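**Student:** The following block contains the structure, expressed as structure tokens.
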Amino acid sequence: GENVEQHPSTLSVQEGDSAVIKCTYSDSASNYFPWYKQELGKRPQLIIDIRSNVGEKKDQRIAVTLNKTAKHFSLHITETQPEDSAVYFCAAAGGTSYGKLTFGQGTILTVHP
Amino acid sequence: EPEVTQTPSHQVTQMGQEVILRCVPISNHLYFYWYRQILGQKVEFLVSFYNNEISEKSEIFDDQFSVERPDGSNFTLKIRSTKLEDSAMYFCASSEDPALNYEQYFGPGTRLTVT
């Protein structure tokens with residue numbers, strides 16, 4: 001089955017800096033890659049997603065890039081703000097596991113004012 | 001905006017007891033999922049459900065677990081005989097047909113504590 005690895009496990013940045021979180025996946029048939037933000041005790045919330053027919057997608061300060069050949073995708077947050085502090089999870093779906101999301105281990109992002 | 005809802009928000013039970021966690025998916029969604037998250041760990045897939053049957057289940061989803069859509073709106077997860085290691089946050093999610101739209105909407109979760 002699919003396996004998703006996520007790095008780093010913790011990331012600390014100063015307000016205004018950029019943050020980059022990276023994930024790799026194992027199933028070359030996966031074709032959907034969402035990123036979720038989870039605040040303490042809350043539900044995971046979708047912040048951006050990308051499909052395998054696209055190499056990059058941007059939404060204001062957030063962007064995701066996908067390299068299908070290398071089987072990795074990354075989340076980029078620019079001009080970070082303290083309210084960006086949360087746990088971020090990448091996930092993969094599609095291929096042999098229709099609809100099932102396989103999550104990475106999560107990255108604790110802390111943005112210092 | 002429609003949301004997935006879950007009840008209860010917190011359930012405390014004794015080891016060996018049965019629990020039923022309830023979810024109301026978004027009304028026009030066809031696919032339903034249960035995930036769990038042990039404190040401080042990643043979200044793990046348990047089961048997906050479509051057209052009144054299980055589509056896929058993980059190795060976590062053993063004979064102690066079952067799912068049901070008892071009526072047109074509820075989707076339930078039953079744990080027959082709870083163990084200490086079942087303590088976790090359980091999230092329900094729903095989606096349209098993944099062939100059209102993969103996006104899954106998560107409920108607020110039920111925190112299950114087994115003592």
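Ordering of the structure tokens sets the chain letters (A, B, ...), residue numbers begin anew at 1 in every chain, and ligands are numbered from 1 in the order given.
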Quick one: residues within 6 Å of Ala91 of chain A, only C-alpha atoms counted, chain neighbours fewer than 6 positions away excluded, as a ChimeraX atom specification?
**Tutor:** /A:33-34,101-104
**Student:** Mind writing the picked residues with C-alpha atoms as a CSV table (one decimal), in the first residue's frame?
**Tutor:**
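selection-v1.csv was written with the following content:
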```csv
chain,number,residue,atom,x,y,z
A,33,PHE,CA,-2.1,15.2,-2.8
A,34,PRO,CA,-3.8,17.4,-0.2
A,101,LEU,CA,-6.1,9.2,2.3
A,102,THR,CA,-2.7,8.1,3.6
A,103,PHE,CA,-1.2,10.7,5.8
A,104,GLY,CA,2.4,11.7,6.6
```
**Student:** Identify, on the basis of only C-alpha atoms, every residue whose closest approach to Ser87 of chain B does not exceed 10 Å; exclude the query and any residue fewer than 4 positions from it along the same chain; express the result as a list in words.
**Tutor:**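 Contacts, with the query itself left out: Gln11, Val12, Thr13, Arg36, Gln37, Ile38, Leu39, Thr82, Lys83, Arg111, Leu112, Thr113, Val114 and Thr115 of chain B.
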**Student:** So, counting only C-alpha atoms, which residue among A:Val64, A:Ile77, A:Val87, A:Ala70 is closest to Lys37 of chain A?
**Tutor:**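 Closest to Lys37 of chain A of all the choices is A:Val87.
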**Student:** With only C-alpha atoms considered, list every residue of chain B at most 8 Å from chain A, as a PyMOL selection string.
**Tutor:** chain B and resi 41-45+48+56+91+98+102+105-109
**Student:** Generate the output file for the selected residues, N, CA and C atoms, as an mmCIF file, in the first residue's frame.
**Tutor:**
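Once everything was written out, this is out_7.cif:
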```
data_model
loop_
_atom_site.group_PDB
_atom_site.id
_atom_site.type_symbol
_atom_site.label_atom_id
_atom_site.label_comp_id
_atom_site.auth_asym_id
_atom_site.auth_seq_id
_atom_site.Cartn_x
_atom_site.Cartn_y
_atom_site.Cartn_z
ATOM 1 N N GLN B 41 0.032 11.735 17.224
ATOM 2 C CA GLN B 41 0.462 10.942 16.076
ATOM 3 C C GLN B 41 -0.301 11.359 14.810
ATOM 4 N N LYS B 42 -0.019 10.652 13.724
ATOM 5 C CA LYS B 42 -0.658 11.012 12.460
ATOM 6 C C LYS B 42 -2.076 10.466 12.383
ATOM 7 N N VAL B 43 -2.800 10.967 11.425
ATOM 8 C CA VAL B 43 -4.149 10.490 11.159
ATOM 9 C C VAL B 43 -4.043 9.168 10.384
ATOM 10 N N GLU B 44 -4.802 8.171 10.830
ATOM 11 C CA GLU B 44 -4.728 6.837 10.209
ATOM 12 C C GLU B 44 -6.096 6.442 9.653
ATOM 13 N N PHE B 45 -6.110 5.935 8.450
ATOM 14 C CA PHE B 45 -7.334 5.458 7.803
ATOM 15 C C PHE B 45 -7.828 4.184 8.483
ATOM 16 N N SER B 48 -13.455 2.853 4.558
ATOM 17 C CA SER B 48 -14.273 3.653 3.659
ATOM 18 C C SER B 48 -15.543 2.872 3.331
ATOM 19 N N GLU B 56 -13.078 -0.306 1.469
ATOM 20 C CA GLU B 56 -11.712 -0.644 1.832
ATOM 21 C C GLU B 56 -11.574 -0.513 3.340
ATOM 22 N N PHE B 91 -12.183 10.537 13.689
ATOM 23 C CA PHE B 91 -12.742 11.503 12.750
ATOM 24 C C PHE B 91 -13.556 10.790 11.688
ATOM 25 N N PRO B 98 -14.933 10.022 -5.501
ATOM 26 C CA PRO B 98 -13.527 10.413 -5.697
ATOM 27 C C PRO B 98 -13.130 10.531 -7.169
ATOM 28 N N TYR B 102 -11.902 14.441 -5.102
ATOM 29 C CA TYR B 102 -11.300 13.704 -3.998
ATOM 30 C C TYR B 102 -11.474 14.370 -2.641
ATOM 31 N N TYR B 105 -14.163 16.032 3.564
ATOM 32 C CA TYR B 105 -14.519 16.987 4.604
ATOM 33 C C TYR B 105 -14.571 16.232 5.936
ATOM 34 N N PHE B 106 -13.805 16.734 6.895
ATOM 35 C CA PHE B 106 -13.701 16.055 8.179
ATOM 36 C C PHE B 106 -14.676 16.645 9.196
ATOM 37 N N GLY B 107 -15.195 15.773 10.052
ATOM 38 C CA GLY B 107 -15.981 16.223 11.183
ATOM 39 C C GLY B 107 -15.071 16.685 12.313
ATOM 40 N N PRO B 108 -15.655 17.205 13.399
ATOM 41 C CA PRO B 108 -14.847 17.743 14.500
ATOM 42 C C PRO B 108 -14.203 16.670 15.370
ATOM 43 N N GLY B 109 -14.609 15.419 15.196
ATOM 44 C CA GLY B 109 -13.985 14.336 15.934
ATOM 45 C C GLY B 109 -14.707 13.963 17.215
#
```
**Student:** Interatomic distance between atom CA of Lys57 of chain A and atom CA of Ser85 of chain A?
**Tutor:**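 Value for the atom CA of Lys57 of chain A-atom CA of Ser85 of chain A distance: 21.5 Å.
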**Student:** Which residues are close to Val111 of chain A, i.e. within 7 Å by only C-alpha atoms, leaving aside same-chain residues fewer than 6 positions away? Reply as a list of chain:residue names.
**Tutor:**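 Counting only C-alpha atoms, the residues come to A:Ser12, A:Val13, A:Gln14, A:Glu15, A:Thr80, A:Gln81, A:Pro82, A:Asp84, A:Ser85.
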**Student:** So that I have them on file, write out the residues from the current selection with N, CA and C atoms, as a PDB file, in the first residue's frame.
**Tutor:**
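Result file is result.pdb:
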```pdb
ATOM      1  N   SER A  12      10.621  25.680  13.038  1.00  0.00           N
ATOM      2  CA  SER A  12      10.465  26.926  13.770  1.00  0.00           C
ATOM      3  C   SER A  12      10.987  28.061  12.900  1.00  0.00           C
ATOM      4  N   VAL A  13      10.169  29.082  12.657  1.00  0.00           N
ATOM      5  CA  VAL A  13      10.568  30.207  11.818  1.00  0.00           C
ATOM      6  C   VAL A  13      10.173  31.508  12.487  1.00  0.00           C
ATOM      7  N   GLN A  14      10.785  32.589  12.018  1.00  0.00           N
ATOM      8  CA  GLN A  14      10.410  33.922  12.475  1.00  0.00           C
ATOM      9  C   GLN A  14       9.287  34.446  11.579  1.00  0.00           C
ATOM     10  N   GLU A  15       8.427  35.226  12.174  1.00  0.00           N
ATOM     11  CA  GLU A  15       7.336  35.851  11.418  1.00  0.00           C
ATOM     12  C   GLU A  15       7.896  36.555  10.187  1.00  0.00           C
ATOM     13  N   THR A  80       5.172  34.116   6.630  1.00  0.00           N
ATOM     14  CA  THR A  80       4.471  33.417   7.710  1.00  0.00           C
ATOM     15  C   THR A  80       4.015  34.370   8.809  1.00  0.00           C
ATOM     16  N   GLN A  81       2.892  33.989   9.431  1.00  0.00           N
ATOM     17  CA  GLN A  81       2.301  34.764  10.510  1.00  0.00           C
ATOM     18  C   GLN A  81       2.107  33.850  11.716  1.00  0.00           C
ATOM     19  N   PRO A  82       2.048  34.396  12.921  1.00  0.00           N
ATOM     20  CA  PRO A  82       1.870  33.546  14.118  1.00  0.00           C
ATOM     21  C   PRO A  82       0.654  32.618  14.012  1.00  0.00           C
ATOM     22  N   ASP A  84      -0.244  31.002  11.561  1.00  0.00           N
ATOM     23  CA  ASP A  84       0.087  29.825  10.752  1.00  0.00           C
ATOM     24  C   ASP A  84       0.599  28.682  11.633  1.00  0.00           C
ATOM     25  N   SER A  85       0.902  28.967  12.889  1.00  0.00           N
ATOM     26  CA  SER A  85       1.398  27.926  13.807  1.00  0.00           C
ATOM     27  C   SER A  85       0.332  26.853  13.980  1.00  0.00           C
TER      28      SER A  85
END
```
**Student:** Using atom CA of Trp35 of chain A and atom CA of His10 of chain B as the two end points, give the distance in Å to one decimal.
**Tutor:**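 Spanning atom CA of Trp35 of chain A to atom CA of His10 of chain B is a straight-line distance of 26.2 Å.
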